[in-house]
$ cat structure_32.txt   # compact mmCIF, C-alpha atoms
# COMPACT_ATOMS: atom_id res chain seq x y z
CA MET J 1 16.93 -68.28 16.87
CA LYS J 2 20.05 -69.03 14.84
CA ASN J 3 23.25 -67.29 13.85
CA ASP J 4 23.93 -68.90 10.46
CA LYS J 5 25.89 -66.70 8.08
CA LYS J 6 24.36 -68.57 5.12
CA SER J 7 21.40 -66.22 5.50
CA ILE J 8 23.75 -63.30 4.84
CA THR J 9 25.03 -65.01 1.70
CA GLU J 10 21.47 -65.49 0.51
CA MET J 11 20.63 -61.84 1.17
CA SER J 12 23.76 -60.76 -0.70
CA PHE J 13 22.59 -62.78 -3.69
CA LEU J 14 19.07 -61.33 -3.61
CA MET J 15 20.37 -57.78 -3.32
CA GLY J 16 22.71 -58.46 -6.23
CA VAL J 17 19.75 -59.59 -8.35
CA ARG J 18 18.05 -56.29 -7.52
CA GLY J 19 21.15 -54.43 -8.65
CA LYS J 20 22.16 -53.32 -5.18
CA ARG J 21 25.52 -53.93 -3.53
CA PHE J 22 25.31 -55.78 -0.22
CA ALA J 23 28.54 -57.26 1.07
CA PRO J 24 28.77 -57.21 4.87
CA VAL J 25 32.04 -58.48 6.32
CA CYS J 26 31.51 -61.38 8.73
CA THR J 27 33.88 -62.37 11.49
CA GLU J 28 33.79 -64.54 14.60
CA SER J 29 32.83 -62.31 17.50
CA TYR J 30 35.10 -61.96 20.51
CA LYS J 31 32.45 -60.14 22.53
CA TYR J 32 29.47 -62.44 22.01
CA VAL J 33 28.90 -66.19 22.43
CA MET J 34 25.84 -68.41 22.04
CA TRP J 35 24.49 -70.90 24.56
CA GLN J 36 24.14 -74.35 23.02
CA SER J 37 22.24 -77.07 24.89
CA GLU J 38 22.33 -80.79 24.22
CA ASN J 39 18.52 -80.91 24.02
CA LYS J 40 18.40 -84.53 25.08
CA GLU J 41 15.75 -86.24 27.16
CA HIS J 42 17.59 -85.44 30.41
CA THR J 43 18.28 -81.78 29.53
CA CYS J 44 16.88 -79.57 32.29
CA ALA J 45 14.29 -76.86 31.66
CA ILE J 46 16.70 -73.99 32.30
CA CYS J 47 19.31 -75.31 29.86
CA ARG J 48 16.65 -76.03 27.26
CA LYS J 49 15.29 -72.49 27.60
CA ASN J 50 18.76 -70.97 27.19
CA ASP J 51 19.51 -72.88 24.00
CA GLY J 52 20.30 -70.41 21.22
CA ARG J 53 20.60 -67.37 23.51
CA ILE J 54 23.31 -64.90 22.57
CA MET J 55 25.31 -63.59 25.52
CA VAL J 56 27.82 -60.82 26.11
CA TYR J 57 30.75 -62.82 27.45
CA GLY J 58 31.47 -62.01 31.09
CA GLU J 59 28.29 -59.97 31.55
CA THR J 60 26.62 -62.69 33.60
CA GLU J 61 27.88 -65.57 35.70
CA ASP J 62 25.14 -67.82 34.29
CA LYS J 63 27.10 -69.84 31.77
CA PRO J 64 27.58 -73.55 31.15
CA PRO J 65 28.14 -75.87 32.83
CA LEU J 66 25.29 -74.89 35.14
CA HIS J 67 25.17 -78.12 37.12
CA ARG J 68 26.65 -81.59 37.38
CA ASN J 69 26.44 -83.55 34.12
CA CYS J 70 25.49 -80.39 32.24
CA GLY J 71 26.24 -80.93 28.55
CA CYS J 72 25.76 -77.32 27.49
CA LYS J 73 28.56 -75.29 25.99
CA LEU J 74 29.27 -71.90 24.48
CA LYS J 75 29.61 -71.76 20.71
CA PRO J 76 31.05 -69.05 18.45
CA VAL J 77 28.86 -66.25 17.16
CA THR J 78 29.23 -64.68 13.72
CA SER J 79 29.17 -60.91 13.87
CA ILE J 80 29.07 -58.26 11.15
CA THR J 81 31.61 -55.48 11.18
CA ARG J 82 30.03 -52.07 11.71
CA GLU J 83 32.21 -50.59 9.00
CA SER J 84 30.81 -52.89 6.29
CA ILE J 85 27.06 -52.14 6.51
CA LEU J 86 25.02 -48.97 6.17
CA LEU J 87 23.65 -47.93 9.53
CA PRO J 88 23.23 -44.41 10.87
CA LYS J 89 26.18 -43.32 12.97
CA ASN J 90 23.92 -43.00 16.01
CA ALA J 91 21.65 -45.90 15.10
CA ALA J 92 20.73 -46.83 18.67
CA GLU J 93 19.74 -43.29 19.63
CA SER J 94 17.69 -42.87 16.43
CA ILE J 95 15.75 -46.08 16.91
CA MET J 96 14.98 -45.43 20.57
CA LYS J 97 13.44 -42.00 19.90
CA SER J 98 10.07 -43.64 19.30
CA ASP J 99 8.41 -45.93 21.83
CA ASN J 100 6.64 -47.55 18.90
CA ASN J 101 9.95 -49.19 18.03
CA GLU J 102 10.24 -51.06 21.34
CA MET J 103 10.24 -54.83 20.90
CA LYS J 104 7.70 -56.93 22.77
CA GLU J 105 8.76 -60.30 21.32
CA ASN J 106 11.84 -62.10 19.94
CA THR J 107 13.95 -60.75 22.81
CA GLU J 108 14.39 -64.04 24.67
CA PHE J 109 17.42 -64.96 22.53
CA LEU J 110 19.12 -61.58 22.85
CA PRO J 111 21.61 -60.76 25.64
CA TYR J 112 19.69 -60.41 28.89
CA LYS J 113 20.46 -57.78 31.51
CA LYS J 114 18.16 -56.37 34.14
CA GLY J 115 16.58 -53.15 32.87
CA ARG J 116 17.78 -53.63 29.29
CA ARG J 117 15.13 -52.81 26.65
CA TRP J 118 15.20 -53.62 22.95
CA TYR J 119 14.10 -51.58 19.93
CA LYS J 120 13.88 -52.33 16.21
CA THR J 121 13.52 -50.45 12.95
CA PRO J 122 13.18 -51.69 9.34
CA LEU J 123 16.20 -51.76 7.02
CA ASP J 124 16.11 -51.06 3.28
CA THR J 125 17.39 -54.57 2.49
CA GLY J 126 13.88 -56.06 2.48
CA LYS J 127 10.63 -56.39 4.38
CA ASN J 128 12.11 -58.98 6.76
CA SER J 129 15.21 -56.92 7.59
CA TYR J 130 15.59 -55.03 10.85
CA ALA J 131 18.20 -53.25 12.90
CA VAL J 132 17.87 -54.07 16.60
CA CYS J 133 19.34 -51.90 19.35
CA SER J 134 19.38 -52.17 23.12
CA SER J 135 18.85 -49.32 25.55
CA ASP J 136 22.55 -49.55 26.48
CA GLY J 137 23.94 -49.47 22.94
CA LEU J 138 24.17 -53.07 21.69
CA VAL J 139 23.34 -53.38 17.97
CA PHE J 140 22.10 -56.41 16.01
CA VAL J 141 20.66 -57.01 12.54
CA THR J 142 18.39 -59.65 11.05
CA TYR J 143 17.59 -60.20 7.37
CA ASP J 144 15.00 -62.99 7.71
CA ASN J 145 12.59 -61.76 10.38
CA PHE J 146 14.56 -63.07 13.37
CA LYS J 147 15.25 -66.57 12.13
CA ASN J 148 18.92 -65.51 12.23
CA ILE J 149 20.36 -62.54 14.06
CA PHE J 150 23.86 -61.05 14.05
CA PRO J 151 25.62 -58.66 16.41
CA VAL J 152 27.16 -55.60 14.79
CA GLU J 153 30.59 -54.63 16.12
CA TYR J 154 33.31 -52.21 15.28
CA MET J 155 36.35 -54.27 14.34
CA THR J 156 38.55 -52.12 16.55
CA GLU J 157 36.29 -52.81 19.56
CA SER J 158 36.72 -56.56 19.20
CA GLN J 159 40.48 -56.18 18.83
CA MET J 160 40.66 -54.02 21.94
CA LEU J 161 38.68 -56.54 24.01
CA LYS J 162 41.00 -59.30 22.86
CA LYS J 163 44.09 -57.29 23.73
CA GLU J 164 42.73 -56.46 27.18
CA ASP J 165 42.14 -60.15 27.88
CA GLU J 166 45.66 -60.99 26.72
CA GLN J 167 47.15 -58.45 29.12
CA LYS J 168 45.18 -59.85 32.09
CA PHE J 169 45.08 -63.62 31.56
CA PHE J 170 48.66 -64.54 32.46
CA GLY J 171 48.39 -62.63 35.72
CA SER J 172 45.17 -64.46 36.56
CA MET J 173 47.19 -67.71 36.47
CA ASP J 174 49.89 -66.54 38.91
CA ARG J 175 48.37 -68.34 41.88
CA ASP J 176 48.40 -71.66 40.00
CA ILE J 177 51.90 -71.00 38.66
CA LYS J 178 53.23 -70.27 42.14
CA GLU J 179 51.64 -73.41 43.58
CA LEU J 180 52.97 -75.72 40.88
CA SER J 181 56.46 -74.19 41.06
CA LYS J 182 56.92 -75.73 44.51
CA ARG J 183 59.46 -78.56 44.80
CA GLU J 184 56.87 -80.95 46.23
CA ARG J 185 54.68 -80.59 43.12
CA PRO J 186 55.13 -82.78 40.00
CA PRO J 187 57.09 -80.99 37.25
CA MET J 188 54.69 -82.42 34.65
CA ALA J 189 51.77 -80.66 36.35
CA TYR J 190 53.60 -77.37 35.87
CA THR J 191 54.32 -78.25 32.23
CA TYR J 192 50.63 -79.00 31.60
CA LEU J 193 49.54 -75.70 33.14
CA MET J 194 52.08 -73.65 31.16
CA LYS J 195 51.21 -75.49 27.93
CA LYS J 196 47.56 -74.61 28.48
CA ILE J 197 48.46 -70.97 29.13
CA TYR J 198 50.49 -70.75 25.92
CA ASP J 199 47.72 -72.57 24.02
CA TRP J 200 45.30 -69.91 25.31
CA TYR J 201 47.44 -67.19 23.76
CA LEU J 202 47.67 -69.18 20.53
CA ALA J 203 43.86 -69.50 20.30
CA ASP J 204 42.12 -66.90 18.14
CA THR J 205 38.54 -67.11 19.39
CA ARG J 206 36.67 -66.54 22.61
CA THR J 207 35.16 -70.04 22.56
CA GLU J 208 38.56 -71.73 22.11
CA ARG J 209 39.96 -69.76 25.02
CA THR J 210 36.92 -70.55 27.17
CA GLU J 211 37.44 -74.28 26.62
CA ILE J 212 41.08 -73.96 27.70
CA GLU J 213 40.01 -72.05 30.82
CA LYS J 214 37.58 -74.89 31.61
CA ASP J 215 40.40 -77.44 31.25
CA ILE J 216 42.55 -75.48 33.70
CA LYS J 217 39.65 -75.21 36.16
CA LYS J 218 39.04 -78.98 35.99
CA PHE J 219 42.75 -79.59 36.56
CA ARG J 220 42.72 -77.28 39.57
CA LEU J 221 39.75 -79.14 41.07
CA THR J 222 41.75 -82.40 41.01
CA ASP J 223 44.50 -80.69 43.03
CA TYR J 224 46.55 -80.60 39.82
CA SER J 225 46.73 -84.40 39.57
CA ILE J 226 44.53 -85.39 36.61
CA THR J 227 44.46 -83.89 33.12
CA GLY J 228 42.68 -86.63 31.21
CA ILE J 229 45.63 -86.81 28.78
CA LYS J 230 47.80 -89.94 29.01
CA LEU J 231 51.17 -88.22 28.46
CA TYR J 232 50.64 -85.73 31.28
CA ASP J 233 48.89 -88.05 33.72
CA GLU J 234 51.62 -90.69 33.39
CA GLY J 235 54.27 -88.00 33.80
CA ILE J 236 52.62 -86.67 36.96
CA LYS J 237 52.60 -90.17 38.48
CA ALA J 238 56.13 -91.00 37.33
CA MET J 239 57.67 -87.92 39.01
CA PRO J 240 55.51 -86.78 41.95
CA LYS J 241 57.95 -84.02 42.96
CA ARG J 242 60.96 -82.18 41.62
CA PRO J 243 64.01 -84.49 41.83
CA GLU J 244 67.01 -83.72 44.03
CA LYS J 245 69.39 -86.11 42.31
CA ILE J 246 69.55 -86.33 38.53
CA THR J 247 70.07 -89.89 37.31
CA GLN J 248 70.38 -90.75 33.64
CA GLU J 249 66.71 -91.79 33.52
CA ILE J 250 65.57 -88.57 35.19
CA HIS J 251 67.82 -86.57 32.89
CA TYR J 252 66.20 -87.97 29.74
CA PHE J 253 62.75 -87.55 31.30
CA ARG J 254 63.24 -83.78 30.98
CA ASN J 255 62.55 -84.13 27.25
CA LYS J 256 58.95 -85.05 28.07
CA LEU J 257 58.67 -81.96 30.27
CA ASN J 258 59.68 -79.40 27.66
CA ILE J 259 57.21 -77.29 25.67
CA GLU J 260 57.50 -76.94 21.88
CA TYR J 261 55.76 -75.01 19.09
CA ASN J 262 56.51 -74.52 15.43
CA TRP J 263 57.86 -71.11 14.43
CA LYS J 264 54.56 -69.77 13.09
CA ASP J 265 52.69 -70.57 16.30
CA PHE J 266 55.59 -69.40 18.44
CA GLU J 267 55.59 -66.00 16.73
CA LYS J 268 51.84 -65.65 17.28
CA ILE J 269 52.14 -66.53 20.98
CA GLN J 270 55.14 -64.27 21.43
CA GLY J 271 53.30 -61.35 19.85
CA ARG J 272 50.36 -61.74 22.23
CA LEU J 273 52.16 -62.39 25.52
CA PRO J 274 52.34 -59.41 27.89
CA GLU J 275 55.69 -57.82 28.65
CA GLY J 276 57.58 -59.74 31.30
CA ARG J 277 56.06 -63.05 30.14
CA LYS J 278 57.53 -63.23 26.67
CA TRP J 279 60.17 -65.80 25.72
CA ILE J 280 63.72 -64.47 25.82
CA ARG J 281 66.18 -64.94 22.97
CA LEU J 282 69.63 -65.69 24.35
CA PRO J 283 72.72 -64.05 22.87
CA LEU J 284 75.09 -66.17 20.82
CA GLY J 285 77.52 -66.59 23.69
CA LYS J 286 74.84 -68.36 25.71
CA SER J 287 73.73 -70.75 22.98
CA THR J 288 77.05 -72.35 22.02
CA PHE J 289 75.86 -75.86 22.81
CA HIS J 290 72.97 -75.48 20.33
CA GLN J 291 75.18 -74.79 17.31
CA ILE J 292 76.80 -78.23 17.00
CA THR J 293 75.16 -79.38 13.77
CA THR J 294 74.51 -76.05 12.10
CA ASN J 295 76.12 -75.41 8.74
CA GLU J 296 76.97 -71.86 9.72
CA LEU J 297 78.34 -70.98 13.13
CA TYR J 298 75.71 -69.54 15.47
CA ASP J 299 72.95 -70.06 12.94
CA ASN J 300 70.47 -71.46 15.45
CA LYS J 301 68.28 -69.28 17.70
CA LYS J 302 67.70 -70.25 21.32
CA TYR J 303 64.73 -69.00 23.38
CA ILE J 304 63.95 -69.62 27.04
CA SER J 305 60.61 -69.05 28.75
CA TYR J 306 60.32 -66.11 31.17
CA ASP J 307 60.54 -68.53 34.15
CA GLY J 308 63.62 -70.31 32.76
CA TYR J 309 62.13 -73.82 32.76
CA PHE J 310 61.49 -74.29 29.03
CA GLU J 311 63.66 -73.89 25.94
CA MET J 312 63.08 -73.82 22.21
CA VAL J 313 65.77 -73.77 19.54
CA PHE J 314 65.08 -72.87 15.91
CA SER J 315 67.34 -73.20 12.90
CA GLY J 316 68.25 -70.27 10.71
CA GLY J 317 65.34 -71.34 8.51
CA ASN J 318 62.97 -71.27 11.52
CA ILE J 319 62.66 -75.05 11.86
CA LEU J 320 62.03 -76.22 15.42
CA LEU J 321 64.97 -78.39 16.53
CA ASN J 322 63.85 -81.26 18.74
CA GLU J 323 64.67 -84.82 19.71
CA LYS J 324 63.43 -86.17 16.39
CA ASN J 325 65.37 -83.98 13.97
CA ALA J 326 68.28 -82.49 15.96
CA PRO J 327 68.98 -84.20 19.32
CA LEU J 328 72.36 -82.46 19.56
CA ASP J 329 70.98 -78.93 19.26
CA MET J 330 67.47 -79.28 20.70
CA GLY J 331 66.11 -77.14 23.52
CA THR J 332 65.69 -78.92 26.87
CA TYR J 333 63.73 -78.50 30.09
CA ASN J 334 65.57 -77.12 33.13
CA TYR J 335 64.87 -78.71 36.51
CA MET J 336 66.64 -75.83 38.26
CA PRO J 337 66.58 -72.67 36.14
CA PHE J 338 69.53 -70.35 36.67
CA ASN J 339 67.30 -67.29 37.26
CA ILE J 340 65.37 -69.09 40.05
CA SER J 341 67.79 -71.56 41.64
CA GLY J 342 71.15 -69.93 41.07
CA PHE J 343 74.24 -71.11 39.25
CA TRP J 344 75.25 -74.03 41.49
CA LYS J 345 71.89 -75.86 41.50
CA HIS J 346 71.40 -75.13 37.83
CA SER J 347 74.86 -76.52 37.05
CA THR J 348 74.42 -79.76 39.00
CA SER J 349 70.83 -80.41 37.85
CA ASP J 350 70.91 -79.24 34.23
CA MET J 351 74.43 -78.60 32.92
CA LEU J 352 76.51 -81.46 34.36
CA PRO J 353 73.97 -84.18 33.39
CA TYR J 354 74.17 -82.82 29.84
CA PHE J 355 77.96 -83.22 29.85
CA PHE J 356 77.63 -86.83 31.02
CA TYR J 357 74.60 -88.01 29.05
CA GLY J 358 74.00 -85.57 26.18
CA ASN J 359 70.47 -84.43 25.33
CA SER J 360 69.01 -87.72 24.21
CA LYS J 361 69.59 -91.45 24.09
CA LYS J 362 69.42 -91.12 20.33
CA LYS J 363 72.79 -89.42 20.08
CA ILE J 364 75.32 -89.33 22.91
CA ILE J 365 78.57 -87.54 22.08
CA ASP J 366 81.66 -86.57 23.99
CA LEU J 367 80.94 -82.91 24.71
CA ARG J 368 84.28 -82.46 26.48
CA GLU J 369 85.91 -82.87 23.07
CA PHE J 370 83.59 -80.21 21.63
CA LEU J 371 84.52 -77.84 24.49
CA ASN J 372 88.23 -78.39 23.95
CA GLU J 373 87.90 -77.62 20.25
CA ASN J 374 85.69 -74.52 20.64
CA GLY J 375 86.77 -73.11 23.99
CA ASP J 376 84.43 -72.49 26.90
CA LYS J 377 81.94 -70.10 25.27
CA SER J 378 78.91 -71.29 27.19
CA ASN J 379 78.77 -68.50 29.81
CA GLU J 380 76.14 -70.25 31.89
CA ASP J 381 74.26 -71.56 28.88
CA PHE J 382 71.05 -73.47 29.50
$ encode --input "structure_32.txt" --output "structure tokens"
Amino acid sequence: MKNDKKSITEMSFLMGVRGKRFAPVCTESYKYVMWQSENKEHTCAICRKNDGRIMVYGETEDKPPLHRNCGCKLKPVTSITRESILLPKNAAESIMKSDNNEMKENTEFLPYKKGRRWYKTPLDTGKNSYAVCSSDGLVFVTYDNFKNIFPVEYMTESQMLKKEDEQKFFGSMDRDIKELSKRERPPMAYTYLMKKIYDWYLADTRTERTEIEKDIKKFRLTDYSITGIKLYDEGIKAMPKRPEKITQEIHYFRNKLNIEYNWKDFEKIQGRLPEGRKWIRLPLGKSTFHQITTNELYDNKKYISYDGYFEMVFSGGNILLNEKNAPLDMGTYNYMPFNISGFWKHSTSDMLPYFFYGNSKKKIIDLREFLNENGDKSNEDF
């Protein structure tokens, strides 16, 4: 069984020829996913049998990978919004009134649950069109006699499920966050984890988020030592624990540890993060050292992550300022965030090295001269 929305396009065309309007709204489901097997010579019988099965995400623990060297994965499912097609308000209850409607075949690719029964009834879109309902209220439609089948969802339901996940996910990572915050852990391991968490919030679909969760799980199984990405793996080896003394080399290494997003992605992430985990915009008095090259005083906007480790600075036109385009005003990683380590450690590890070395090798300036000209407005900046 497939889930190809081309079949919906074809049905829309046929209905149009008959003079009937048929324009269901398709979207990628957040509730449902489809099992996709490799179907190679070595594919096991269970994986081969599950190929093409639609699942309610989280309803069962049976999901790929099932075993070592399992090449199966979950793929997106196209659903039809309930608001865009004509179905009785209580479609499931209506269909289940007659035992004659109970399905005896074509159920192997529908979401399985012990005790769940399936029913079908013809639709007026053609002889091969059916509405399919489960005994516990799931609704599907097919327009080509079960060659393709589509879940039917209220748009608001999908949005609510997504929001619920977004409220819970960050908290589910707290154990990993706490472990990698320890001084004896590599700072780059913490950066990788947090980047994956923010990427999860940036992702729009269930399948994208599932892949990120798998990456985090794999990372955890290596005791947070291997990511499979050269930048992070080299960084983990180069700095196996949080440094106590900040040399010039270690100071510049912080630029590899920082996390950056463009403004559009940052806004999306910020809008989805739960309260208490959002990035914090600092007041102007605490972003003095990020206004050096702006045309208008205090034009740039500085944000720090909730934990204080990461910074992003954007221009008045919402351009991310980084080492490539604005080394004087860029945001930088903090080895000892003020909110965690206190003023003294933060000063010696993050502020003083900046005074001596600047932000980047690309542009080293005498910041003492800048302070003398502008007064000490930093107020524990950084």
$ atom_distance --input "structure_32.txt" --atom1 "atom CA of J:Ser29" --atom2 "atom CA of J:Ser79"
5.3 Å
$ closest_residue --input "structure_32.txt" --among "J:Met312, J:Met194, J:Leu161, J:Ala45" --to "J:Tyr333" --atoms "all atoms listed in the file"
J:Met312
$ residues_around --input "structure_32.txt" --residues "J:Arg242" --least-positions-apart "2" --cutoff "10 Å" --atoms "all atoms listed in the file" --output "ChimeraX atom specification"
/J:181-188,239-240,244-245,335-336
$ residues_around --input "structure_32.txt" --residues "J:Ile319" --least-positions-apart "6" --cutoff "9 Å" --atoms "only C-alpha atoms" --output "number ranges by chain"
J: 262-263, 313
$ write_last_selection --input "structure_32.txt" --atoms "C-alpha atoms" --output "mmCIF file, keeping the file's coordinate frame"
data_model
loop_
_atom_site.group_PDB
_atom_site.id
_atom_site.type_symbol
_atom_site.label_atom_id
_atom_site.label_comp_id
_atom_site.auth_asym_id
_atom_site.auth_seq_id
_atom_site.Cartn_x
_atom_site.Cartn_y
_atom_site.Cartn_z
ATOM 1 C CA ASN J 262 56.510 -74.520 15.430
ATOM 2 C CA TRP J 263 57.860 -71.110 14.430
ATOM 3 C CA VAL J 313 65.770 -73.770 19.540
#
$ atom_distance --input "structure_32.txt" --atom1 "atom CA of J:Gly58" --atom2 "atom CA of J:Thr78"
17.7 Å
$ closest_residue --input "structure_32.txt" --among "J:Tyr198, J:Phe343, J:Tyr303, J:Tyr354" --to "J:Gly331" --atoms "only C-alpha atoms"
J:Tyr303
$ atom_distance --input "structure_32.txt" --atom1 "atom CA of J:Leu328" --atom2 "atom CA of J:Ser360"
7.8 Å
$ closest_residue --input "structure_32.txt" --among "J:Thr205, J:Arg68, J:Ile280, J:Leu321" --to "J:Cys44" --atoms "only C-alpha atoms"
J:Arg68
$ closest_residue --input "structure_32.txt" --among "J:Lys214, J:Arg277, J:Arg53, J:Lys195" --to "J:Glu260" --atoms "only C-alpha atoms"
J:Lys195
$ residues_around --input "structure_32.txt" --residues "stretch 36-39 of chain J" --least-positions-apart "6" --cutoff "9 Å" --atoms "all atoms listed in the file" --output "MDAnalysis selection string"
chainID J and resid 47:53 64 70:75
$ residues_around --input "structure_32.txt" --residues "J:Lys127" --least-positions-apart "2" --cutoff "10 Å" --atoms "only C-alpha atoms" --output "list in words"
Pro122, Leu123, Asp124, Thr125, Ser129, Tyr130, Tyr143, Asp144 and Asn145 of chain J
$ closest_residue --input "structure_32.txt" --among "J:Met1, J:Lys31, J:Leu202, J:Lys324" --to "J:Thr107" --atoms "all atoms listed in the file"
J:Met1
